[in-house]
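Structure data follow from my_file-v6.cif (mmCIF, C-alpha atoms (C1' of nucleotides)):
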```
data_coords
#
loop_
_atom_site.group_PDB
_atom_site.id
_atom_site.type_symbol
_atom_site.label_atom_id
_atom_site.label_comp_id
_atom_site.auth_asym_id
_atom_site.auth_seq_id
_atom_site.Cartn_x
_atom_site.Cartn_y
_atom_site.Cartn_z
ATOM 1 C CA MET A 1 -100.327 -33.302 61.914
ATOM 2 C CA ALA A 2 -99.157 -31.296 58.953
ATOM 3 C CA LYS A 3 -96.107 -33.498 58.380
ATOM 4 C CA THR A 4 -94.793 -34.039 54.886
ATOM 5 C CA ASN A 5 -98.088 -35.309 53.756
ATOM 6 C CA LEU A 6 -96.950 -35.861 50.207
ATOM 7 C CA LEU A 7 -97.994 -39.462 50.197
ATOM 8 C CA ALA A 8 -101.377 -39.067 51.807
ATOM 9 C CA ALA A 9 -103.810 -41.598 50.494
ATOM 10 C CA ASP A 10 -106.036 -38.709 49.685
ATOM 11 C CA GLY A 11 -105.436 -34.973 49.593
ATOM 12 C CA GLY A 12 -108.132 -34.793 52.189
ATOM 13 C CA PHE A 13 -111.160 -35.849 50.233
ATOM 14 C CA GLU A 14 -111.031 -33.952 46.980
ATOM 15 C CA GLN A 15 -108.921 -35.121 44.066
ATOM 16 C CA PRO A 16 -107.410 -38.516 43.626
ATOM 17 C CA CYS A 17 -104.000 -38.291 45.294
ATOM 18 C CA PRO A 18 -101.441 -36.867 42.828
ATOM 19 C CA ILE A 19 -98.846 -39.412 43.748
ATOM 20 C CA ARG A 20 -101.200 -42.336 43.438
ATOM 21 C CA ASP A 21 -102.293 -40.981 40.115
ATOM 22 C CA VAL A 22 -98.747 -41.091 38.809
ATOM 23 C CA LEU A 23 -97.809 -44.246 40.642
ATOM 24 C CA ASP A 24 -100.644 -46.177 39.111
ATOM 25 C CA ARG A 25 -99.151 -45.464 35.727
ATOM 26 C CA ILE A 26 -95.711 -46.466 36.955
ATOM 27 C CA GLY A 27 -96.952 -49.513 38.714
ATOM 28 C CA ASP A 28 -98.603 -51.117 35.768
ATOM 29 C CA GLN A 29 -96.740 -53.659 33.780
ATOM 30 C CA TRP A 30 -96.051 -51.753 30.600
ATOM 31 C CA SER A 31 -96.232 -47.963 30.813
ATOM 32 C CA LEU A 32 -92.595 -47.512 31.734
ATOM 33 C CA LEU A 33 -91.375 -49.829 29.034
ATOM 34 C CA VAL A 34 -93.410 -47.967 26.455
ATOM 35 C CA LEU A 35 -92.210 -44.587 27.681
ATOM 36 C CA ASP A 36 -88.653 -45.843 27.557
ATOM 37 C CA ALA A 37 -89.084 -47.150 24.031
ATOM 38 C CA LEU A 38 -90.529 -43.832 22.901
ATOM 39 C CA GLU A 39 -87.660 -41.871 24.355
ATOM 40 C CA GLY A 40 -85.696 -43.139 21.383
ATOM 41 C CA GLY A 41 -87.997 -41.185 19.108
ATOM 42 C CA THR A 42 -91.254 -41.524 17.206
ATOM 43 C CA LYS A 43 -92.472 -45.091 16.800
ATOM 44 C CA ARG A 44 -95.321 -46.888 15.088
ATOM 45 C CA PHE A 45 -97.572 -49.467 16.672
ATOM 46 C CA ASN A 46 -95.946 -52.570 15.285
ATOM 47 C CA GLU A 47 -92.548 -51.108 15.825
ATOM 48 C CA LEU A 48 -93.357 -50.878 19.531
ATOM 49 C CA MET A 49 -94.726 -54.400 19.476
ATOM 50 C CA ARG A 50 -91.478 -55.714 18.114
ATOM 51 C CA GLU A 51 -89.340 -53.626 20.413
ATOM 52 C CA LEU A 52 -91.172 -54.645 23.572
ATOM 53 C CA GLY A 53 -91.159 -58.211 22.468
ATOM 54 C CA ASP A 54 -93.635 -59.829 24.771
ATOM 55 C CA ILE A 55 -96.499 -57.383 24.998
ATOM 56 C CA SER A 56 -99.862 -58.261 23.509
ATOM 57 C CA LYS A 57 -101.666 -56.023 21.059
ATOM 58 C CA GLN A 58 -104.339 -55.446 23.579
ATOM 59 C CA MET A 59 -102.050 -54.308 26.341
ATOM 60 C CA LEU A 60 -100.006 -52.109 24.065
ATOM 61 C CA SER A 61 -103.163 -50.492 22.791
ATOM 62 C CA LEU A 62 -104.529 -49.959 26.261
ATOM 63 C CA THR A 63 -101.250 -48.688 27.649
ATOM 64 C CA LEU A 64 -100.812 -46.212 24.821
ATOM 65 C CA LYS A 65 -104.352 -44.998 25.288
ATOM 66 C CA ARG A 66 -103.804 -44.337 28.958
ATOM 67 C CA LEU A 67 -100.500 -42.605 28.325
ATOM 68 C CA GLU A 68 -102.136 -40.471 25.687
ATOM 69 C CA GLU A 69 -105.018 -39.663 27.972
ATOM 70 C CA ASP A 70 -102.635 -38.543 30.707
ATOM 71 C CA GLY A 71 -100.706 -36.360 28.292
ATOM 72 C CA PHE A 72 -97.460 -38.334 28.253
ATOM 73 C CA VAL A 73 -97.741 -39.512 24.688
ATOM 74 C CA ARG A 74 -98.992 -37.964 21.471
ATOM 75 C CA ARG A 75 -100.806 -40.043 18.888
ATOM 76 C CA THR A 76 -100.758 -38.977 15.252
ATOM 77 C CA VAL A 77 -102.892 -40.641 12.619
ATOM 78 C CA TYR A 78 -102.030 -40.333 8.951
ATOM 79 C CA PRO A 79 -105.068 -40.864 6.741
ATOM 80 C CA GLU A 80 -103.413 -43.261 4.383
ATOM 81 C CA VAL A 81 -104.031 -46.753 3.182
ATOM 82 C CA PRO A 82 -102.773 -48.828 4.805
ATOM 83 C CA PRO A 83 -103.212 -46.773 7.974
ATOM 84 C CA ARG A 84 -100.178 -45.313 9.677
ATOM 85 C CA VAL A 85 -100.175 -44.174 13.290
ATOM 86 C CA GLU A 86 -97.205 -42.674 15.053
ATOM 87 C CA TYR A 87 -96.541 -42.224 18.739
ATOM 88 C CA ASP A 88 -94.089 -39.897 20.412
ATOM 89 C CA LEU A 89 -93.456 -38.344 23.806
ATOM 90 C CA THR A 90 -94.897 -34.975 24.733
ATOM 91 C CA PRO A 91 -92.781 -32.525 26.751
ATOM 92 C CA LEU A 92 -94.639 -33.783 29.803
ATOM 93 C CA GLY A 93 -93.641 -37.316 28.922
ATOM 94 C CA HIS A 94 -90.025 -36.318 28.553
ATOM 95 C CA SER A 95 -89.976 -34.381 31.788
ATOM 96 C CA PHE A 96 -91.397 -37.365 33.596
ATOM 97 C CA LEU A 97 -88.491 -39.506 32.549
ATOM 98 C CA VAL A 98 -86.074 -37.279 34.439
ATOM 99 C CA PRO A 99 -87.071 -38.241 37.989
ATOM 100 C CA MET A 100 -87.788 -41.692 36.674
ATOM 101 C CA ARG A 101 -84.166 -42.107 35.663
ATOM 102 C CA GLY A 102 -83.202 -41.330 39.227
ATOM 103 C CA LEU A 103 -85.285 -44.208 40.426
ATOM 104 C CA VAL A 104 -83.969 -46.537 37.766
ATOM 105 C CA ALA A 105 -80.424 -45.638 38.714
ATOM 106 C CA TRP A 106 -81.169 -46.355 42.344
ATOM 107 C CA ALA A 107 -82.638 -49.725 41.460
ATOM 108 C CA ASP A 108 -79.591 -50.555 39.419
ATOM 109 C CA GLU A 109 -77.190 -49.594 42.157
ATOM 110 C CA HIS A 110 -79.009 -51.280 44.996
ATOM 111 C CA HIS A 111 -80.480 -54.352 43.412
ATOM 112 C CA ARG A 112 -77.682 -56.495 44.708
ATOM 113 C CA LEU A 113 -78.352 -55.351 48.262
ATOM 114 C CA VAL A 114 -82.012 -56.185 47.901
ATOM 115 C CA CYS A 115 -81.174 -59.644 46.641
ATOM 116 C CA GLU A 116 -78.793 -60.196 49.511
ATOM 117 C CA ALA A 117 -81.405 -59.045 51.972
ATOM 118 C CA ARG A 118 -83.832 -61.574 50.543
ATOM 119 C CA THR A 119 -81.351 -64.385 50.728
ATOM 120 C CA HIS A 120 -80.461 -63.502 54.274
ATOM 121 C CA TYR A 121 -84.126 -63.261 55.185
ATOM 122 C CA ARG A 122 -84.806 -66.717 53.834
ATOM 123 C CA THR A 123 -81.771 -68.432 55.325
ATOM 124 C CA ALA A 124 -82.682 -66.907 58.662
ATOM 125 C CA ALA A 125 -85.678 -69.163 58.134
ATOM 126 C CA LYS A 126 -87.651 -67.186 60.697
ATOM 127 C CA MET B 1 -79.467 -53.296 20.247
ATOM 128 C CA ALA B 2 -77.355 -52.216 23.184
ATOM 129 C CA LYS B 3 -79.449 -49.117 23.860
ATOM 130 C CA THR B 4 -80.091 -47.918 27.370
ATOM 131 C CA ASN B 5 -81.551 -51.204 28.312
ATOM 132 C CA LEU B 6 -82.282 -50.133 31.839
ATOM 133 C CA LEU B 7 -85.919 -50.987 31.599
ATOM 134 C CA ALA B 8 -85.590 -54.313 29.847
ATOM 135 C CA ALA B 9 -88.262 -56.715 30.917
ATOM 136 C CA ASP B 10 -85.476 -59.071 31.737
ATOM 137 C CA GLY B 11 -81.725 -58.580 31.978
ATOM 138 C CA GLY B 12 -81.562 -61.161 29.259
ATOM 139 C CA PHE B 13 -82.732 -64.252 30.993
ATOM 140 C CA GLU B 14 -81.020 -64.325 34.353
ATOM 141 C CA GLN B 15 -82.274 -62.352 37.320
ATOM 142 C CA PRO B 16 -85.645 -60.737 37.695
ATOM 143 C CA CYS B 17 -85.263 -57.258 36.236
ATOM 144 C CA PRO B 18 -83.900 -54.856 38.877
ATOM 145 C CA ILE B 19 -86.331 -52.151 37.963
ATOM 146 C CA ARG B 20 -89.315 -54.454 37.961
ATOM 147 C CA ASP B 21 -88.192 -55.712 41.310
ATOM 148 C CA VAL B 22 -88.291 -52.234 42.770
ATOM 149 C CA LEU B 23 -91.345 -51.158 40.846
ATOM 150 C CA ASP B 24 -93.393 -54.016 42.155
ATOM 151 C CA ARG B 25 -92.829 -52.669 45.618
ATOM 152 C CA ILE B 26 -93.709 -49.165 44.460
ATOM 153 C CA GLY B 27 -96.685 -50.291 42.513
ATOM 154 C CA ASP B 28 -98.472 -51.972 45.339
ATOM 155 C CA GLN B 29 -101.025 -50.057 47.287
ATOM 156 C CA TRP B 30 -99.260 -49.619 50.598
ATOM 157 C CA SER B 31 -95.464 -49.972 50.564
ATOM 158 C CA LEU B 32 -94.818 -46.326 49.867
ATOM 159 C CA LEU B 33 -97.222 -45.143 52.510
ATOM 160 C CA VAL B 34 -95.600 -47.401 55.072
ATOM 161 C CA LEU B 35 -92.103 -46.278 54.078
ATOM 162 C CA ASP B 36 -93.233 -42.688 54.353
ATOM 163 C CA ALA B 37 -94.733 -43.266 57.774
ATOM 164 C CA LEU B 38 -91.544 -44.914 58.981
ATOM 165 C CA GLU B 39 -89.389 -42.063 57.807
ATOM 166 C CA GLY B 40 -90.726 -40.210 60.833
ATOM 167 C CA GLY B 41 -88.989 -42.726 63.067
ATOM 168 C CA THR B 42 -89.568 -46.073 64.742
ATOM 169 C CA LYS B 43 -93.176 -47.153 64.923
ATOM 170 C CA ARG B 44 -95.179 -50.012 66.357
ATOM 171 C CA PHE B 45 -97.769 -52.064 64.518
ATOM 172 C CA ASN B 46 -100.871 -50.398 65.844
ATOM 173 C CA GLU B 47 -99.233 -47.038 65.583
ATOM 174 C CA LEU B 48 -98.867 -47.620 61.861
ATOM 175 C CA MET B 49 -102.437 -48.839 61.642
ATOM 176 C CA ARG B 50 -103.689 -45.611 63.148
ATOM 177 C CA GLU B 51 -101.399 -43.446 61.084
ATOM 178 C CA LEU B 52 -102.335 -45.028 57.763
ATOM 179 C CA GLY B 53 -105.958 -44.937 58.691
ATOM 180 C CA ASP B 54 -107.549 -47.200 56.149
ATOM 181 C CA ILE B 55 -105.212 -50.147 55.881
ATOM 182 C CA SER B 56 -106.310 -53.570 57.091
ATOM 183 C CA LYS B 57 -104.269 -55.589 59.551
ATOM 184 C CA GLN B 58 -103.645 -58.143 56.907
ATOM 185 C CA MET B 59 -102.274 -55.744 54.344
ATOM 186 C CA LEU B 60 -100.129 -53.931 56.868
ATOM 187 C CA SER B 61 -98.713 -57.227 58.031
ATOM 188 C CA LEU B 62 -98.048 -58.415 54.496
ATOM 189 C CA THR B 63 -96.580 -55.110 53.376
ATOM 190 C CA LEU B 64 -94.243 -54.949 56.353
ATOM 191 C CA LYS B 65 -93.133 -58.519 55.753
ATOM 192 C CA ARG B 66 -92.266 -57.775 52.145
ATOM 193 C CA LEU B 67 -90.433 -54.592 53.056
ATOM 194 C CA GLU B 68 -88.502 -56.475 55.698
ATOM 195 C CA GLU B 69 -87.681 -59.238 53.260
ATOM 196 C CA ASP B 70 -86.330 -56.742 50.754
ATOM 197 C CA GLY B 71 -84.214 -55.070 53.382
ATOM 198 C CA PHE B 72 -86.053 -51.751 53.521
ATOM 199 C CA VAL B 73 -87.438 -52.195 56.990
ATOM 200 C CA ARG B 74 -86.117 -53.696 60.197
ATOM 201 C CA ARG B 75 -88.380 -55.563 62.585
ATOM 202 C CA THR B 76 -87.501 -55.768 66.228
ATOM 203 C CA VAL B 77 -89.362 -57.989 68.653
ATOM 204 C CA TYR B 78 -89.189 -57.368 72.377
ATOM 205 C CA PRO B 79 -89.914 -60.503 74.384
ATOM 206 C CA GLU B 80 -92.357 -58.895 76.746
ATOM 207 C CA VAL B 81 -95.923 -59.408 77.757
ATOM 208 C CA PRO B 82 -97.863 -57.965 76.128
ATOM 209 C CA PRO B 83 -95.707 -58.316 73.013
ATOM 210 C CA ARG B 84 -94.036 -55.243 71.557
ATOM 211 C CA VAL B 85 -92.737 -55.086 68.007
ATOM 212 C CA GLU B 86 -91.045 -52.086 66.481
ATOM 213 C CA TYR B 87 -90.391 -51.227 62.879
ATOM 214 C CA ASP B 88 -87.893 -48.784 61.455
ATOM 215 C CA LEU B 89 -86.131 -48.029 58.207
ATOM 216 C CA THR B 90 -82.779 -49.539 57.360
ATOM 217 C CA PRO B 91 -80.125 -47.420 55.603
ATOM 218 C CA LEU B 92 -81.304 -49.045 52.377
ATOM 219 C CA GLY B 93 -84.840 -47.964 53.116
ATOM 220 C CA HIS B 94 -83.723 -44.419 53.788
ATOM 221 C CA SER B 95 -81.623 -44.255 50.650
ATOM 222 C CA PHE B 96 -84.545 -45.434 48.603
ATOM 223 C CA LEU B 97 -86.634 -42.513 49.715
ATOM 224 C CA VAL B 98 -84.204 -40.073 48.105
ATOM 225 C CA PRO B 99 -85.000 -40.836 44.442
ATOM 226 C CA MET B 100 -88.559 -41.467 45.503
ATOM 227 C CA ARG B 101 -88.871 -37.908 46.730
ATOM 228 C CA GLY B 102 -87.852 -36.754 43.290
ATOM 229 C CA LEU B 103 -90.710 -38.629 41.771
ATOM 230 C CA VAL B 104 -93.154 -37.394 44.354
ATOM 231 C CA ALA B 105 -92.050 -33.832 43.687
ATOM 232 C CA TRP B 106 -92.573 -34.327 39.977
ATOM 233 C CA ALA B 107 -96.053 -35.706 40.570
ATOM 234 C CA ASP B 108 -96.891 -32.757 42.744
ATOM 235 C CA GLU B 109 -95.671 -30.228 40.216
ATOM 236 C CA HIS B 110 -97.263 -31.809 37.176
ATOM 237 C CA HIS B 111 -100.471 -33.244 38.483
ATOM 238 C CA ARG B 112 -102.413 -30.264 37.241
ATOM 239 C CA LEU B 113 -101.085 -30.786 33.733
ATOM 240 C CA VAL B 114 -102.074 -34.424 33.812
ATOM 241 C CA CYS B 115 -105.573 -33.511 34.911
ATOM 242 C CA GLU B 116 -105.849 -30.945 32.152
ATOM 243 C CA ALA B 117 -104.654 -33.462 29.613
ATOM 244 C CA ARG B 118 -107.356 -35.852 30.752
ATOM 245 C CA THR B 119 -110.045 -33.236 30.523
ATOM 246 C CA HIS B 120 -108.900 -32.210 27.087
ATOM 247 C CA TYR B 121 -108.764 -35.839 25.993
ATOM 248 C CA ARG B 122 -112.317 -36.409 27.066
ATOM 249 C CA THR B 123 -113.781 -33.240 25.655
ATOM 250 C CA ALA B 124 -112.067 -34.023 22.370
ATOM 251 C CA ALA B 125 -114.496 -36.946 22.544
ATOM 252 C CA LYS B 126 -112.427 -38.855 20.026
ATOM 253 C "C1'" DC C 1 -101.398 -52.066 9.470
ATOM 254 C "C1'" DT C 2 -103.798 -50.708 13.546
ATOM 255 C "C1'" DG C 3 -106.450 -51.679 16.447
ATOM 256 C "C1'" DT C 4 -111.244 -53.558 19.291
ATOM 257 C "C1'" DA C 5 -114.144 -57.371 21.408
ATOM 258 C "C1'" DT C 6 -114.426 -61.408 24.041
ATOM 259 C "C1'" DC C 7 -113.118 -64.911 27.291
ATOM 260 C "C1'" DC C 8 -110.463 -66.524 30.996
ATOM 261 C "C1'" DC C 9 -107.338 -66.678 34.835
ATOM 262 C "C1'" DT C 10 -104.360 -64.990 38.377
ATOM 263 C "C1'" DC C 11 -103.417 -62.360 42.154
ATOM 264 C "C1'" DA C 12 -103.764 -58.027 45.019
ATOM 265 C "C1'" DA C 13 -106.545 -56.501 48.474
ATOM 266 C "C1'" DG C 14 -110.822 -56.120 51.739
ATOM 267 C "C1'" DA C 15 -113.521 -58.306 55.670
ATOM 268 C "C1'" DT C 16 -113.771 -61.075 59.365
ATOM 269 C "C1'" DA C 17 -112.578 -64.420 62.809
ATOM 270 C "C1'" DC C 18 -109.219 -66.658 65.386
ATOM 271 C "C1'" DT C 19 -104.335 -67.215 68.029
ATOM 272 C "C1'" DG C 20 -100.057 -66.501 70.965
ATOM 273 C "C1'" DC D 1 -100.799 -56.162 71.353
ATOM 274 C "C1'" DA D 2 -99.501 -58.224 67.182
ATOM 275 C "C1'" DG D 3 -100.422 -60.781 64.161
ATOM 276 C "C1'" DT D 4 -102.302 -65.391 60.942
ATOM 277 C "C1'" DA D 5 -106.105 -68.083 58.460
ATOM 278 C "C1'" DT D 6 -109.817 -68.192 55.468
ATOM 279 C "C1'" DC D 7 -113.067 -66.488 52.149
ATOM 280 C "C1'" DT D 8 -114.410 -63.409 48.541
ATOM 281 C "C1'" DT D 9 -114.202 -59.916 45.130
ATOM 282 C "C1'" DG D 10 -112.394 -57.131 41.273
ATOM 283 C "C1'" DA D 11 -109.000 -55.247 38.416
ATOM 284 C "C1'" DG D 12 -104.986 -56.344 35.452
ATOM 285 C "C1'" DG D 13 -103.344 -58.775 32.058
ATOM 286 C "C1'" DG D 14 -102.781 -62.905 28.409
ATOM 287 C "C1'" DA D 15 -104.740 -65.232 24.037
ATOM 288 C "C1'" DT D 16 -107.265 -65.142 20.246
ATOM 289 C "C1'" DA D 17 -110.622 -63.769 16.843
ATOM 290 C "C1'" DC D 18 -112.623 -60.123 14.442
ATOM 291 C "C1'" DA D 19 -112.886 -55.155 12.162
ATOM 292 C "C1'" DG D 20 -111.722 -50.741 9.601
#
```
Using structure tokens, write down the structure that the file contains.
Amino acid sequence: MAKTNLLAADGGFEQPCPIRDVLDRIGDQWSLLVLDALEGGTKRFNELMRELGDISKQMLSLTLKRLEEDGFVRRTVYPEVPPRVEYDLTPLGHSFLVPMRGLVAWADEHHRLVCEARTHYRTAAK
Amino acid sequence: MAKTNLLAADGGFEQPCPIRDVLDRIGDQWSLLVLDALEGGTKRFNELMRELGDISKQMLSLTLKRLEEDGFVRRTVYPEVPPRVEYDLTPLGHSFLVPMRGLVAWADEHHRLVCEARTHYRTAAK
DNA sequence: CTGTATCCCTCAAGATACTG
DNA sequence: CAGTATCTTGAGGGATACAG
């Protein structure tokens, strides 16, 4: 029963599953886009808004908060008027992007196959 | 503006974003668990039910259908009584698990850091 | 400028009952 | 055995107005 239990829904009973923990951040609509945008360097709130294009203030705020909470992003407030807040990736954030790039590359390479599979599935009509 | 636009919400306007396409499958609650279970070899419906433990029939059925549609999983029906249906990974499904393992490994290695970051975030109280 | 508060809506997912 | 149909709930996410 040992198996490669890396994806177990639960490490037994204790902690929330490590993979789920990370996957929840990946799965949400915006975290990856934000991480990607920040890989280019330090950014301010409105800068991210513009760069992501179609994200709402609320979601950007929430996403950044979660990423900060999980240690992927660092938030720096400058006590000026008007207020200035900068976001950048922590080392943890950067290191996360490494395996992530692998996945992105896979998606890029195989997207066509997935699309074909879907088409075939549908024309087979079941 | 060229950038590494790998994570663009949309390839411009055309197809659904390749990454999003894959991520949606990763993001859902069960796809990864099912893929993982099938890596061990061909399985039947109830076998998967037992192995995953806490998945409902409905979600297993839906998840398998989506994975089949995307070409990750193959479904084979044997015209017997009682009915027998077997599921296994396609080459595409197998190849997908390669980058996925990278991500899982990262999660495993860094989960402690994420937890610490959360604790620190909370004790900092804001 | 940098957010938070509020309202609403959609859709993933659980429970249960029924079917071939 | 291997599913589908139906109902319900709850979290995620959009829009907008307000606040420091």
Show me a table, sorted first by chain and then by increasing residue number, of the residues of chain C having an atom at most 10 Å from chain A, each with its shortest atom pair and the distance in Å to one decimal, counting all atoms listed in the file and written as JSON lines.
```
{"residue": "C:DC1", "atom": "C1'", "partner": "A:Pro83", "partner_atom": "CA", "distance": 5.8}
{"residue": "C:DT2", "atom": "C1'", "partner": "A:Pro83", "partner_atom": "CA", "distance": 6.8}
{"residue": "C:DG3", "atom": "C1'", "partner": "A:Ser61", "partner_atom": "CA", "distance": 7.2}
{"residue": "C:DT4", "atom": "C1'", "partner": "A:Gln58", "partner_atom": "CA", "distance": 8.3}
```
Decode the PyMOL selection byres ((chain A) within 7 of (chain B)) for the given file into explicit residues and return them as a list in words.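 Matching residues under the PyMOL selection byres ((chain A) within 7 of (chain B)) are Leu7, Pro18, Ile19, Val22, Leu23, Asp24, Ile26, Gly27, Leu33, Glu69, Asp70, Gly71, Pro99, Met100, Gly102, Leu103, Val104, Ala107, Asp108, His111, Val114, Ala117, Arg118 and Tyr121 of chain A.
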Explicit residue set for the PyMOL selection byres ((chain D) within 10 of (chain B)), as JSON, numbers by chain: {"D": [1, 2, 3, 4]}
One-decimal distance in Å that lies between CA of Thr63 (chain A) and CA of Tyr87 (chain A):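 Going from CA of Tyr87 (chain A) over to CA of Thr63 (chain A) covers 12.0 Å.
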Residues near DT10 (chain C), cut-off 12 Å, only C-alpha atoms (C1' of nucleotides), skip fewer than 5 positions along chain, as a ChimeraX atom specification: /D:10-14
Going by the chain IDs and residue numbers used in this file, which residues fall under the PyMOL selection byres ((chain D and resi 16) around 9)? Write them as a list in words.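 Written out, the selection comes to DT6 of chain C; DA15 and DA17 of chain D.
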State, in Å with one decimal place, the distance from CA of Met49 (chain B) to CA of Ala124 (chain A).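 CA of Ala124 (chain A) lies 26.9 Å from CA of Met49 (chain B).
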Gap from CA of Leu38 (chain A) to CA of Ser31 (chain B) - Å, one decimal: 28.8 Å
